[in-house]
Structures are given as C-alpha cells and as structure tokens.
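This is query-v5.pdb. It holds PDB, C-alpha atoms.
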```pdb
ATOM      1  CA  MET D  85      35.770  -1.101 -22.728  1.00  0.00           C
ATOM      2  CA  GLU D  86      35.748  -4.064 -20.348  1.00  0.00           C
ATOM      3  CA  PHE D  87      32.474  -2.884 -18.803  1.00  0.00           C
ATOM      4  CA  THR D  88      30.814  -2.658 -22.225  1.00  0.00           C
ATOM      5  CA  ALA D  89      32.052  -6.190 -22.918  1.00  0.00           C
ATOM      6  CA  LEU D  90      30.658  -7.396 -19.588  1.00  0.00           C
ATOM      7  CA  PHE D  91      27.236  -5.833 -20.255  1.00  0.00           C
ATOM      8  CA  LEU D  92      27.314  -7.408 -23.719  1.00  0.00           C
ATOM      9  CA  ALA D  93      28.220 -10.780 -22.180  1.00  0.00           C
ATOM     10  CA  VAL D  94      25.352 -10.558 -19.671  1.00  0.00           C
ATOM     11  CA  THR D  95      22.937  -9.634 -22.469  1.00  0.00           C
ATOM     12  CA  ILE D  96      24.079 -12.698 -24.431  1.00  0.00           C
ATOM     13  CA  VAL D  97      23.630 -14.877 -21.314  1.00  0.00           C
ATOM     14  CA  MET D  98      20.077 -13.513 -20.926  1.00  0.00           C
ATOM     15  CA  LEU D  99      19.280 -14.196 -24.595  1.00  0.00           C
ATOM     16  CA  VAL D 100      20.628 -17.757 -24.344  1.00  0.00           C
ATOM     17  CA  ALA D 101      18.675 -18.282 -21.083  1.00  0.00           C
ATOM     18  CA  TRP D 102      15.516 -17.106 -22.896  1.00  0.00           C
ATOM     19  CA  GLY D 103      15.965 -18.900 -26.212  1.00  0.00           C
ATOM     20  CA  GLY D 104      18.844 -21.362 -26.019  1.00  0.00           C
ATOM     21  CA  PRO D 105      19.801 -24.569 -24.224  1.00  0.00           C
ATOM     22  CA  ARG D 106      19.702 -24.458 -20.406  1.00  0.00           C
ATOM     23  CA  VAL D 107      23.163 -25.944 -19.836  1.00  0.00           C
ATOM     24  CA  GLN D 108      24.743 -23.467 -22.259  1.00  0.00           C
ATOM     25  CA  ALA D 109      23.099 -20.575 -20.363  1.00  0.00           C
ATOM     26  CA  LEU D 110      24.470 -21.878 -17.052  1.00  0.00           C
ATOM     27  CA  VAL D 111      28.001 -22.259 -18.479  1.00  0.00           C
ATOM     28  CA  LEU D 112      27.898 -18.759 -20.005  1.00  0.00           C
ATOM     29  CA  PHE D 113      26.599 -17.358 -16.711  1.00  0.00           C
ATOM     30  CA  ALA D 114      29.564 -18.904 -14.870  1.00  0.00           C
ATOM     31  CA  ALA D 115      31.987 -17.420 -17.412  1.00  0.00           C
ATOM     32  CA  ALA D 116      30.402 -13.954 -17.137  1.00  0.00           C
ATOM     33  CA  LEU D 117      30.455 -14.126 -13.321  1.00  0.00           C
ATOM     34  CA  ILE D 118      34.160 -15.067 -13.293  1.00  0.00           C
ATOM     35  CA  ALA D 119      34.894 -12.247 -15.768  1.00  0.00           C
ATOM     36  CA  SER D 120      33.079  -9.681 -13.604  1.00  0.00           C
ATOM     37  CA  VAL D 121      34.939 -10.798 -10.456  1.00  0.00           C
ATOM     38  CA  ALA D 122      38.252 -10.651 -12.383  1.00  0.00           C
ATOM     39  CA  THR D 123      37.402  -7.105 -13.559  1.00  0.00           C
ATOM     40  CA  TYR D 124      36.559  -6.130  -9.973  1.00  0.00           C
ATOM     41  CA  LEU D 125      39.857  -7.521  -8.653  1.00  0.00           C
ATOM     42  CA  HIS D 126      41.733  -5.683 -11.405  1.00  0.00           C
ATOM     43  CA  HIS D 127      40.113  -2.360 -10.427  1.00  0.00           C
ATOM     44  CA  ALA D 128      40.003  -2.782  -6.645  1.00  0.00           C
ATOM     45  CA  SER D 129      43.605  -1.754  -6.167  1.00  0.00           C
ATOM     46  CA  ASP D 130      43.027   1.223  -3.817  1.00  0.00           C
ATOM     47  CA  ALA D 131      43.751   0.449  -0.178  1.00  0.00           C
ATOM     48  CA  LEU D 132      40.710   0.850   2.101  1.00  0.00           C
ATOM     49  CA  LYS D 133      41.316   3.687   4.583  1.00  0.00           C
ATOM     50  CA  LEU D 134      39.609   2.028   7.526  1.00  0.00           C
ATOM     51  CA  PRO D 135      39.926   3.502  11.042  1.00  0.00           C
ATOM     52  CA  PHE D 136      40.708   0.148  12.676  1.00  0.00           C
TER      53      PHE D 136
ATOM     54  CA  MET U 204       3.702 -23.491  -3.676  1.00  0.00           C
ATOM     55  CA  PRO U 205       2.454 -24.398  -7.190  1.00  0.00           C
ATOM     56  CA  ARG U 206       4.896 -24.023 -10.084  1.00  0.00           C
ATOM     57  CA  SER U 207       2.701 -21.382 -11.735  1.00  0.00           C
ATOM     58  CA  LEU U 208       2.837 -19.134  -8.645  1.00  0.00           C
ATOM     59  CA  ALA U 209       6.630 -19.562  -8.428  1.00  0.00           C
ATOM     60  CA  VAL U 210       6.959 -18.534 -12.087  1.00  0.00           C
ATOM     61  CA  THR U 211       4.773 -15.469 -11.453  1.00  0.00           C
ATOM     62  CA  LEU U 212       6.939 -14.494  -8.465  1.00  0.00           C
ATOM     63  CA  ASN U 213      10.054 -14.872 -10.645  1.00  0.00           C
ATOM     64  CA  ALA U 214       8.461 -12.570 -13.233  1.00  0.00           C
ATOM     65  CA  LEU U 215       7.781 -10.047 -10.454  1.00  0.00           C
ATOM     66  CA  ALA U 216      11.468 -10.304  -9.478  1.00  0.00           C
ATOM     67  CA  LEU U 217      12.366  -9.476 -13.085  1.00  0.00           C
ATOM     68  CA  TYR U 218      10.132  -6.377 -12.950  1.00  0.00           C
ATOM     69  CA  ALA U 219      11.895  -5.347  -9.705  1.00  0.00           C
ATOM     70  CA  ILE U 220      15.325  -5.753 -11.354  1.00  0.00           C
ATOM     71  CA  ALA U 221      14.082  -3.757 -14.358  1.00  0.00           C
ATOM     72  CA  LEU U 222      12.950  -1.009 -11.959  1.00  0.00           C
ATOM     73  CA  VAL U 223      16.411  -0.880 -10.337  1.00  0.00           C
ATOM     74  CA  LEU U 224      18.131  -0.652 -13.745  1.00  0.00           C
ATOM     75  CA  ALA U 225      15.629   2.002 -14.903  1.00  0.00           C
ATOM     76  CA  VAL U 226      16.127   4.141 -11.762  1.00  0.00           C
ATOM     77  CA  ALA U 227      19.918   3.955 -12.234  1.00  0.00           C
ATOM     78  CA  PHE U 228      19.432   5.031 -15.855  1.00  0.00           C
ATOM     79  CA  ALA U 229      17.118   7.875 -14.822  1.00  0.00           C
ATOM     80  CA  ALA U 230      19.712   9.176 -12.347  1.00  0.00           C
ATOM     81  CA  GLN U 231      22.366   8.987 -15.065  1.00  0.00           C
ATOM     82  CA  LEU U 232      20.293  10.873 -17.632  1.00  0.00           C
ATOM     83  CA  LEU U 233      18.278  13.313 -15.494  1.00  0.00           C
ATOM     84  CA  LEU U 234      20.961  14.210 -12.905  1.00  0.00           C
ATOM     85  CA  ASP U 235      23.808  13.833 -15.424  1.00  0.00           C
ATOM     86  CA  GLU U 236      25.659  11.548 -12.991  1.00  0.00           C
ATOM     87  CA  LEU U 237      27.811   9.102 -14.907  1.00  0.00           C
ATOM     88  CA  PRO U 238      28.377   5.732 -13.177  1.00  0.00           C
ATOM     89  CA  CYS U 239      31.907   5.012 -11.922  1.00  0.00           C
ATOM     90  CA  PRO U 240      33.586   1.629 -12.674  1.00  0.00           C
ATOM     91  CA  LEU U 241      32.401   0.117  -9.354  1.00  0.00           C
ATOM     92  CA  CYS U 242      28.893   1.483  -9.993  1.00  0.00           C
ATOM     93  CA  LEU U 243      28.918  -0.168 -13.442  1.00  0.00           C
ATOM     94  CA  LEU U 244      29.990  -3.481 -11.886  1.00  0.00           C
ATOM     95  CA  GLN U 245      27.024  -3.293  -9.493  1.00  0.00           C
ATOM     96  CA  ARG U 246      24.680  -2.608 -12.416  1.00  0.00           C
ATOM     97  CA  ILE U 247      26.181  -5.592 -14.240  1.00  0.00           C
ATOM     98  CA  GLN U 248      25.470  -7.774 -11.193  1.00  0.00           C
ATOM     99  CA  PHE U 249      21.859  -6.566 -11.092  1.00  0.00           C
ATOM    100  CA  ALA U 250      21.580  -7.602 -14.745  1.00  0.00           C
ATOM    101  CA  MET U 251      23.189 -10.973 -13.905  1.00  0.00           C
ATOM    102  CA  LEU U 252      20.683 -11.359 -11.073  1.00  0.00           C
ATOM    103  CA  ALA U 253      18.002 -11.554 -13.783  1.00  0.00           C
ATOM    104  CA  VAL U 254      19.462 -14.717 -15.379  1.00  0.00           C
ATOM    105  CA  GLY U 255      18.103 -17.047 -12.656  1.00  0.00           C
ATOM    106  CA  PRO U 256      14.495 -15.758 -12.867  1.00  0.00           C
ATOM    107  CA  ILE U 257      14.665 -15.846 -16.701  1.00  0.00           C
ATOM    108  CA  LEU U 258      15.659 -19.532 -16.510  1.00  0.00           C
ATOM    109  CA  ASN U 259      12.829 -20.173 -14.028  1.00  0.00           C
ATOM    110  CA  VAL U 260      10.297 -18.517 -16.355  1.00  0.00           C
ATOM    111  CA  ARG U 261      11.559 -20.400 -19.417  1.00  0.00           C
ATOM    112  CA  PHE U 262      12.252 -23.891 -18.010  1.00  0.00           C
ATOM    113  CA  GLY U 263      10.238 -23.842 -14.777  1.00  0.00           C
ATOM    114  CA  PRO U 264      11.563 -23.484 -11.194  1.00  0.00           C
ATOM    115  CA  HIS U 265      14.766 -25.400 -10.483  1.00  0.00           C
ATOM    116  CA  PRO U 266      17.150 -25.159  -7.497  1.00  0.00           C
ATOM    117  CA  SER U 267      20.139 -24.458  -9.774  1.00  0.00           C
ATOM    118  CA  HIS U 268      18.330 -21.410 -11.225  1.00  0.00           C
ATOM    119  CA  TYR U 269      17.931 -20.010  -7.710  1.00  0.00           C
ATOM    120  CA  ALA U 270      21.626 -20.805  -7.085  1.00  0.00           C
ATOM    121  CA  VAL U 271      22.490 -18.661 -10.117  1.00  0.00           C
ATOM    122  CA  ALA U 272      20.531 -15.752  -8.609  1.00  0.00           C
ATOM    123  CA  LEU U 273      22.173 -16.255  -5.203  1.00  0.00           C
ATOM    124  CA  LEU U 274      25.685 -16.222  -6.713  1.00  0.00           C
ATOM    125  CA  ALA U 275      24.978 -12.998  -8.622  1.00  0.00           C
ATOM    126  CA  ALA U 276      23.489 -11.357  -5.506  1.00  0.00           C
ATOM    127  CA  VAL U 277      26.391 -12.340  -3.237  1.00  0.00           C
ATOM    128  CA  VAL U 278      28.980 -11.035  -5.732  1.00  0.00           C
ATOM    129  CA  GLY U 279      26.945  -7.838  -6.244  1.00  0.00           C
ATOM    130  CA  ALA U 280      26.656  -7.283  -2.481  1.00  0.00           C
ATOM    131  CA  SER U 281      30.455  -7.678  -2.203  1.00  0.00           C
ATOM    132  CA  PHE U 282      31.001  -5.006  -4.867  1.00  0.00           C
ATOM    133  CA  ALA U 283      28.555  -2.631  -3.147  1.00  0.00           C
ATOM    134  CA  MET U 284      30.157  -3.272   0.256  1.00  0.00           C
ATOM    135  CA  ARG U 285      33.570  -2.416  -1.207  1.00  0.00           C
ATOM    136  CA  GLN U 286      32.248   0.977  -2.353  1.00  0.00           C
ATOM    137  CA  ILE U 287      30.556   1.626   1.013  1.00  0.00           C
ATOM    138  CA  LEU U 288      33.875   0.913   2.783  1.00  0.00           C
ATOM    139  CA  LEU U 289      35.761   3.233   0.387  1.00  0.00           C
ATOM    140  CA  HIS U 290      33.618   6.119   1.730  1.00  0.00           C
ATOM    141  CA  ILE U 291      33.180   5.065   5.353  1.00  0.00           C
ATOM    142  CA  MET U 292      35.696   7.497   6.882  1.00  0.00           C
ATOM    143  CA  PRO U 293      34.103  10.393   8.836  1.00  0.00           C
ATOM    144  CA  GLY U 294      33.925  13.527   6.695  1.00  0.00           C
ATOM    145  CA  ASP U 295      33.822  11.596   3.399  1.00  0.00           C
ATOM    146  CA  ALA U 296      30.871  12.926   1.382  1.00  0.00           C
ATOM    147  CA  GLY U 297      30.590   9.691  -0.603  1.00  0.00           C
ATOM    148  CA  TYR U 298      30.375   9.253  -4.379  1.00  0.00           C
ATOM    149  CA  GLY U 299      27.546  10.925  -6.260  1.00  0.00           C
ATOM    150  CA  SER U 300      24.271  12.198  -4.864  1.00  0.00           C
ATOM    151  CA  ALA U 301      22.066  10.494  -2.299  1.00  0.00           C
ATOM    152  CA  LEU U 302      18.575   9.098  -2.817  1.00  0.00           C
ATOM    153  CA  LEU U 303      16.329   9.199   0.279  1.00  0.00           C
ATOM    154  CA  GLY U 304      19.410   9.651   2.464  1.00  0.00           C
ATOM    155  CA  TYR U 305      21.493   6.788   1.081  1.00  0.00           C
ATOM    156  CA  HIS U 306      23.976   6.741  -1.791  1.00  0.00           C
ATOM    157  CA  TYR U 307      23.223   4.472  -4.731  1.00  0.00           C
ATOM    158  CA  TYR U 308      25.827   1.899  -3.695  1.00  0.00           C
ATOM    159  CA  THR U 309      24.212   1.637  -0.239  1.00  0.00           C
ATOM    160  CA  TRP U 310      20.847   1.049  -1.925  1.00  0.00           C
ATOM    161  CA  ALA U 311      22.563  -1.497  -4.163  1.00  0.00           C
ATOM    162  CA  PHE U 312      23.832  -3.387  -1.099  1.00  0.00           C
ATOM    163  CA  ILE U 313      20.334  -3.333   0.430  1.00  0.00           C
ATOM    164  CA  GLY U 314      18.893  -4.530  -2.901  1.00  0.00           C
ATOM    165  CA  PHE U 315      21.314  -7.452  -3.169  1.00  0.00           C
ATOM    166  CA  ALA U 316      20.734  -8.383   0.508  1.00  0.00           C
ATOM    167  CA  VAL U 317      16.953  -8.385  -0.069  1.00  0.00           C
ATOM    168  CA  ALA U 318      17.477 -10.536  -3.189  1.00  0.00           C
ATOM    169  CA  ILE U 319      19.485 -13.078  -1.152  1.00  0.00           C
ATOM    170  CA  VAL U 320      16.798 -13.296   1.538  1.00  0.00           C
ATOM    171  CA  LEU U 321      13.889 -13.537  -0.931  1.00  0.00           C
ATOM    172  CA  THR U 322      15.679 -16.199  -2.996  1.00  0.00           C
ATOM    173  CA  ALA U 323      16.338 -18.237   0.158  1.00  0.00           C
ATOM    174  CA  VAL U 324      12.657 -17.887   1.139  1.00  0.00           C
ATOM    175  CA  LEU U 325      11.526 -19.056  -2.327  1.00  0.00           C
ATOM    176  CA  LEU U 326      13.835 -22.078  -2.031  1.00  0.00           C
ATOM    177  CA  LEU U 327      11.913 -23.164   1.083  1.00  0.00           C
ATOM    178  CA  PHE U 328       8.826 -24.018  -0.995  1.00  0.00           C
ATOM    179  CA  GLU U 329       9.811 -27.408  -2.408  1.00  0.00           C
ATOM    180  CA  GLY U 330       6.427 -28.030  -4.020  1.00  0.00           C
ATOM    181  CA  GLN U 331       7.474 -25.863  -6.977  1.00  0.00           C
ATOM    182  CA  PHE U 332      10.228 -28.369  -7.866  1.00  0.00           C
ATOM    183  CA  ILE U 333       7.915 -31.397  -8.097  1.00  0.00           C
ATOM    184  CA  GLY U 334       7.890 -32.575 -11.693  1.00  0.00           C
ATOM    185  CA  HIS U 335      10.834 -30.420 -12.789  1.00  0.00           C
ATOM    186  CA  GLY U 336      12.206 -33.395 -14.704  1.00  0.00           C
ATOM    187  CA  THR U 337       9.222 -33.448 -17.062  1.00  0.00           C
ATOM    188  CA  PRO U 338      10.259 -32.746 -20.649  1.00  0.00           C
ATOM    189  CA  GLU U 339       7.556 -30.178 -21.466  1.00  0.00           C
ATOM    190  CA  THR U 340       8.361 -26.515 -20.823  1.00  0.00           C
ATOM    191  CA  PRO U 341       5.744 -24.440 -18.953  1.00  0.00           C
ATOM    192  CA  ALA U 342       3.404 -22.186 -20.932  1.00  0.00           C
ATOM    193  CA  ILE U 343       4.745 -18.624 -20.827  1.00  0.00           C
ATOM    194  CA  ARG U 344       2.139 -15.875 -20.414  1.00  0.00           C
ATOM    195  CA  GLY U 345       2.415 -12.307 -21.678  1.00  0.00           C
ATOM    196  CA  PHE U 346       3.101 -11.019 -18.153  1.00  0.00           C
ATOM    197  CA  GLU U 347       6.241 -13.158 -17.850  1.00  0.00           C
ATOM    198  CA  ARG U 348       7.308 -12.630 -21.469  1.00  0.00           C
ATOM    199  CA  ALA U 349       7.087  -8.829 -21.030  1.00  0.00           C
ATOM    200  CA  ALA U 350       9.209  -8.997 -17.847  1.00  0.00           C
ATOM    201  CA  VAL U 351      11.974 -10.927 -19.625  1.00  0.00           C
ATOM    202  CA  LEU U 352      11.952  -8.678 -22.696  1.00  0.00           C
ATOM    203  CA  LEU U 353      11.966  -5.535 -20.507  1.00  0.00           C
ATOM    204  CA  VAL U 354      15.039  -6.612 -18.560  1.00  0.00           C
ATOM    205  CA  ILE U 355      16.846  -7.681 -21.775  1.00  0.00           C
ATOM    206  CA  ALA U 356      16.017  -4.298 -23.363  1.00  0.00           C
ATOM    207  CA  LEU U 357      17.481  -2.494 -20.334  1.00  0.00           C
ATOM    208  CA  ALA U 358      20.637  -4.608 -20.570  1.00  0.00           C
ATOM    209  CA  VAL U 359      20.997  -3.647 -24.262  1.00  0.00           C
ATOM    210  CA  LEU U 360      20.544   0.041 -23.353  1.00  0.00           C
ATOM    211  CA  ASN U 361      23.307  -0.371 -20.750  1.00  0.00           C
ATOM    212  CA  VAL U 362      25.629  -1.818 -23.418  1.00  0.00           C
ATOM    213  CA  ILE U 363      25.086   1.311 -25.552  1.00  0.00           C
ATOM    214  CA  SER U 364      25.321   3.712 -22.593  1.00  0.00           C
ATOM    215  CA  THR U 365      28.548   2.135 -21.289  1.00  0.00           C
ATOM    216  CA  LEU U 366      30.100   2.203 -24.747  1.00  0.00           C
ATOM    217  CA  LEU U 367      29.242   5.918 -25.015  1.00  0.00           C
ATOM    218  CA  GLU U 368      30.586   6.602 -21.509  1.00  0.00           C
ATOM    219  CA  CYS U 369      33.850   4.644 -21.630  1.00  0.00           C
ATOM    220  CA  GLY U 370      34.537   4.543 -25.373  1.00  0.00           C
ATOM    221  CA  PHE U 371      37.047   1.926 -26.495  1.00  0.00           C
ATOM    222  CA  GLY U 372      39.596   2.632 -23.741  1.00  0.00           C
ATOM    223  CA  ALA U 373      39.663   2.230 -19.969  1.00  0.00           C
ATOM    224  CA  CYS U 374      36.722   3.804 -18.145  1.00  0.00           C
ATOM    225  CA  PRO U 375      37.827   6.789 -16.000  1.00  0.00           C
ATOM    226  CA  ASP U 376      37.583   6.429 -12.179  1.00  0.00           C
ATOM    227  CA  ASN U 377      35.458   9.573 -11.932  1.00  0.00           C
ATOM    228  CA  PRO U 378      33.718   9.996 -15.306  1.00  0.00           C
ATOM    229  CA  VAL U 379      32.293  13.443 -16.102  1.00  0.00           C
ATOM    230  CA  ALA U 380      31.630  13.161 -19.841  1.00  0.00           C
ATOM    231  CA  TYR U 381      30.732  10.559 -22.461  1.00  0.00           C
ATOM    232  CA  GLU U 382      34.147   9.651 -23.933  1.00  0.00           C
ATOM    233  CA  LEU U 383      32.799   8.447 -27.285  1.00  0.00           C
ATOM    234  CA  LEU U 384      30.725  11.624 -27.800  1.00  0.00           C
ATOM    235  CA  LYS U 385      33.747  13.774 -26.849  1.00  0.00           C
ATOM    236  CA  ARG U 386      35.814  12.066 -29.556  1.00  0.00           C
ATOM    237  CA  ALA U 387      33.054  12.499 -32.127  1.00  0.00           C
ATOM    238  CA  ARG U 388      32.998  16.294 -31.659  1.00  0.00           C
TER     239      ARG U 388
END
```
Please re-express this file's structure in structure tokens.
Amino acid sequence: MEFTALFLAVTIVMLVAWGGPRVQALVLFAAALIASVATYLHHASDALKLPF
Amino acid sequence: MPRSLAVTLNALALYAIALVLAVAFAAQLLLDELPCPLCLLQRIQFAMLAVGPILNVRFGPHPSHYAVALLAAVVGASFAMRQILLHIMPGDAGYGSALLGYHYYTWAFIGFAVAIVLTAVLLLFEGQFIGHGTPETPAIRGFERAAVLLVIALAVLNVISTLLECGFGACPDNPVAYELLKRAR
C-alpha cells in the first residue's frame, strides 16, 4: 500500500510541477523524497551478507 | 548553451525516463515478473527523476531544478546499490531475469549514475541560466509537452499496477501474483 501511495505522491508532484506553483512543487518533491527514503529504511532490515 | 536547447535536452531526458519506465512495465507484463519492494522503490525514484526536467520545461532551466534531479538520482542509485549488494555473494543467482547480462537493478544503478553525470554536465553550461529571473515562462512546444504528458501517464499506470500488485496491505517481498486480482476472484 505504501508503494501505491508513493507512486501517487510522485504523480501529484509531477502534476503540480507541470501546472502549479514552482515552490509548492519543490516542497512536495522534498516530502515525497523523504517518504521514499523512510519507506526504504523501513524495508531494508535484512543484514547484507558481505564476504568482508 | 541557449535556454531553448537546454529545454529540448530536458525533454529528451524525460523521453529517456519514459523509456526506462516503459521497459520495466514491458518486463512486468510480457515476462510476468512482478517488481519486488526494492524494485518498486527504484521505479519510484526514476519517476521522481522526472520532476526536475518537468520544472525546467515549464519554468525554464534553473539550478535548483537540476538539484532536484540530482537528489532523486543519488537516492535511486543508493536503492539500486543496496539490491546489488543483497545478491553479491558468489552463487547467488540474483533477483528476476537478466537483460543483456545484467539484472534490472544493475541497469537501474547504471541509469541513475548516467543521470548524475549528465545532470552535472548540463549544470556546466551557465548560459542557460541567464535571464531566469524574468517573469515570463518559456513557450512550450508540442515535443516538450508530449514528453511531460508521457511520463505522467506512465506514473499513473504505475499507481494502478502497484495497487493491483500489492492491494491494500503490505507488498510481499517476492510477489508472484496480483494481490487485488486474487481477492477479486
């Protein structure tokens, strides 16, 4: 569900960048970027099995 | 570099991003390979990579628009690198099928790295920023308009596809079926 929400958020950012105020698009972009990094950190819980 | 050429190059970047999203979609539909959560995050970053060029097409080239693209590319490259490292152990077959010898996440890393380099190269041409404070917005041609609408359409298709794949719950680590369609049967 969170990935659908993220895609929806990015689509909204694109639509605002295309038809809305510039500053609002930049603020929404920052929010979407933070949300995607937070989703990544939530999912990246497996330890990397590195040989070193 | 004149502003008009910079805008055209940004439109070309949008077509390249649309191509990446379309190829990922084609693999999903033709090979029946559903994207994993990390794969979806990389797709999301490719879509976010389009925001900077869209702003450049709409408002004209501006350093902060290129910064937006750089941030999306760096985060996307980090996600792709994480998936490469998850499958780096000898004997690990990797996730999904390979395209021209590399898995999709490896191609994603290469794509984000190329985006970083090309964005940095575009930033070198300061002539495009002269007059960016002028109130009038640049005239948008059909070529640029089509690029923006194409990438937005692909993002909308990804919203629908991800909703079908994950449903209203958590997306499985190794998805094999569309959750929402399974429930509907």
Sorted by chain and rising residue number, which residues of chain D lie within 10 Å of segment 272-275 of chain U, and what are their closest atom pairs and distances in Å to one decimal, counting only C-alpha atoms, as a Markdown table?
```
| residue | atom | partner | partner_atom | distance |
| --- | --- | --- | --- | --- |
| D:Phe113 | CA | U:Ala275 | CA | 9.3 |
| D:Ala114 | CA | U:Leu274 | CA | 9.4 |
| D:Leu117 | CA | U:Ala275 | CA | 7.3 |
```
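Atom CA of Ala116 of chain D is found 17.9 Å from atom CA of Leu366 of chain U.
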If you apply the ChimeraX specification (/U :<8) & /D to this file, what residues do you get, as a list of chain:residue names? D:Met85, D:Glu86, D:Phe87, D:Thr88, D:Ala89, D:Leu90, D:Phe91, D:Leu92, D:Val94, D:Thr95, D:Val97, D:Met98, D:Leu99, D:Ala101, D:Trp102, D:Arg106, D:Leu110, D:Phe113, D:Leu117, D:Ser120, D:Val121, D:Tyr124, D:His127, D:Leu132, D:Lys133, D:Leu134, D:Pro135
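Across U:Leu302, U:Ala387, U:Phe249, U:Gly294, the tightest approach to Ala219 of chain U is made by U:Phe249 when counting only C-alpha atoms.
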Expansion of the PyMOL selection byres ((chain U and resi 298) around 10) into residues, as an NGL selection string: :U and (238-239 or 242 or 286-287 or 289-290 or 295-297 or 299-301 or 306-308 or 377)
Give as a PyMOL selection string every residue, naming chains and numbers as the document does, that has an atom within 12 Å of (15.8, -18.4, -1.5), counting all atoms listed in the file. chain U and resi 209+212-213+255-256+264-274+276+316-329
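Reported to one decimal place, the separation of atom CA of Met204 of chain U from atom CA of Gly334 of chain U is 12.8 Å.
The spacing separating atom CA of Phe312 of chain U from atom CA of Met284 of chain U amounts to 6.5 Å.
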For segment 262-270 of chain U, take all atoms listed in the file, fit an axis-aligned box around them, add 3 Å to each of the six sides, then output centre and edge lengths in Å rounded to one decimal, as JSON.
```
{"center_x": 15.9, "center_y": -22.7, "center_z": -12.5, "size_x": 17.4, "size_y": 11.4, "size_z": 16.9}
```
Could you complete segment 222-236 of chain U so that it carries N, CA and C atoms, and give it back as a PDB file, keeping the file's coordinate frame?
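Output below, filename result-v1.pdb:
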```pdb
ATOM      1  N   LEU U 222      13.165  -2.297 -12.642  1.00  0.00           N
ATOM      2  CA  LEU U 222      12.950  -1.009 -11.959  1.00  0.00           C
ATOM      3  C   LEU U 222      14.281  -0.445 -11.448  1.00  0.00           C
ATOM      4  N   VAL U 223      15.096  -1.319 -10.850  1.00  0.00           N
ATOM      5  CA  VAL U 223      16.411  -0.880 -10.337  1.00  0.00           C
ATOM      6  C   VAL U 223      17.268  -0.344 -11.486  1.00  0.00           C
ATOM      7  N   LEU U 224      17.319  -1.080 -12.589  1.00  0.00           N
ATOM      8  CA  LEU U 224      18.131  -0.652 -13.745  1.00  0.00           C
ATOM      9  C   LEU U 224      17.579   0.647 -14.342  1.00  0.00           C
ATOM     10  N   ALA U 225      16.250   0.794 -14.351  1.00  0.00           N
ATOM     11  CA  ALA U 225      15.629   2.002 -14.903  1.00  0.00           C
ATOM     12  C   ALA U 225      15.904   3.219 -14.019  1.00  0.00           C
ATOM     13  N   VAL U 226      15.848   3.031 -12.693  1.00  0.00           N
ATOM     14  CA  VAL U 226      16.127   4.141 -11.762  1.00  0.00           C
ATOM     15  C   VAL U 226      17.585   4.590 -11.916  1.00  0.00           C
ATOM     16  N   ALA U 227      18.500   3.624 -12.042  1.00  0.00           N
ATOM     17  CA  ALA U 227      19.918   3.955 -12.234  1.00  0.00           C
ATOM     18  C   ALA U 227      20.095   4.750 -13.536  1.00  0.00           C
ATOM     19  N   PHE U 228      19.380   4.329 -14.573  1.00  0.00           N
ATOM     20  CA  PHE U 228      19.432   5.031 -15.855  1.00  0.00           C
ATOM     21  C   PHE U 228      18.874   6.449 -15.729  1.00  0.00           C
ATOM     22  N   ALA U 229      17.762   6.564 -15.008  1.00  0.00           N
ATOM     23  CA  ALA U 229      17.118   7.875 -14.822  1.00  0.00           C
ATOM     24  C   ALA U 229      18.066   8.828 -14.109  1.00  0.00           C
ATOM     25  N   ALA U 230      18.751   8.327 -13.073  1.00  0.00           N
ATOM     26  CA  ALA U 230      19.712   9.176 -12.347  1.00  0.00           C
ATOM     27  C   ALA U 230      20.838   9.607 -13.271  1.00  0.00           C
ATOM     28  N   GLN U 231      21.273   8.682 -14.127  1.00  0.00           N
ATOM     29  CA  GLN U 231      22.366   8.987 -15.065  1.00  0.00           C
ATOM     30  C   GLN U 231      21.948  10.067 -16.060  1.00  0.00           C
ATOM     31  N   LEU U 232      20.733   9.955 -16.570  1.00  0.00           N
ATOM     32  CA  LEU U 232      20.293  10.873 -17.632  1.00  0.00           C
ATOM     33  C   LEU U 232      19.740  12.180 -17.079  1.00  0.00           C
ATOM     34  N   LEU U 233      18.930  12.105 -16.010  1.00  0.00           N
ATOM     35  CA  LEU U 233      18.278  13.313 -15.494  1.00  0.00           C
ATOM     36  C   LEU U 233      19.221  14.148 -14.638  1.00  0.00           C
ATOM     37  N   LEU U 234      20.039  13.484 -13.792  1.00  0.00           N
ATOM     38  CA  LEU U 234      20.961  14.210 -12.905  1.00  0.00           C
ATOM     39  C   LEU U 234      22.339  14.371 -13.535  1.00  0.00           C
ATOM     40  N   ASP U 235      22.529  13.766 -14.720  1.00  0.00           N
ATOM     41  CA  ASP U 235      23.808  13.833 -15.424  1.00  0.00           C
ATOM     42  C   ASP U 235      24.939  13.268 -14.560  1.00  0.00           C
ATOM     43  N   GLU U 236      24.646  12.199 -13.825  1.00  0.00           N
ATOM     44  CA  GLU U 236      25.659  11.548 -12.991  1.00  0.00           C
ATOM     45  C   GLU U 236      26.102  10.267 -13.680  1.00  0.00           C
TER      46      GLU U 236
END
```
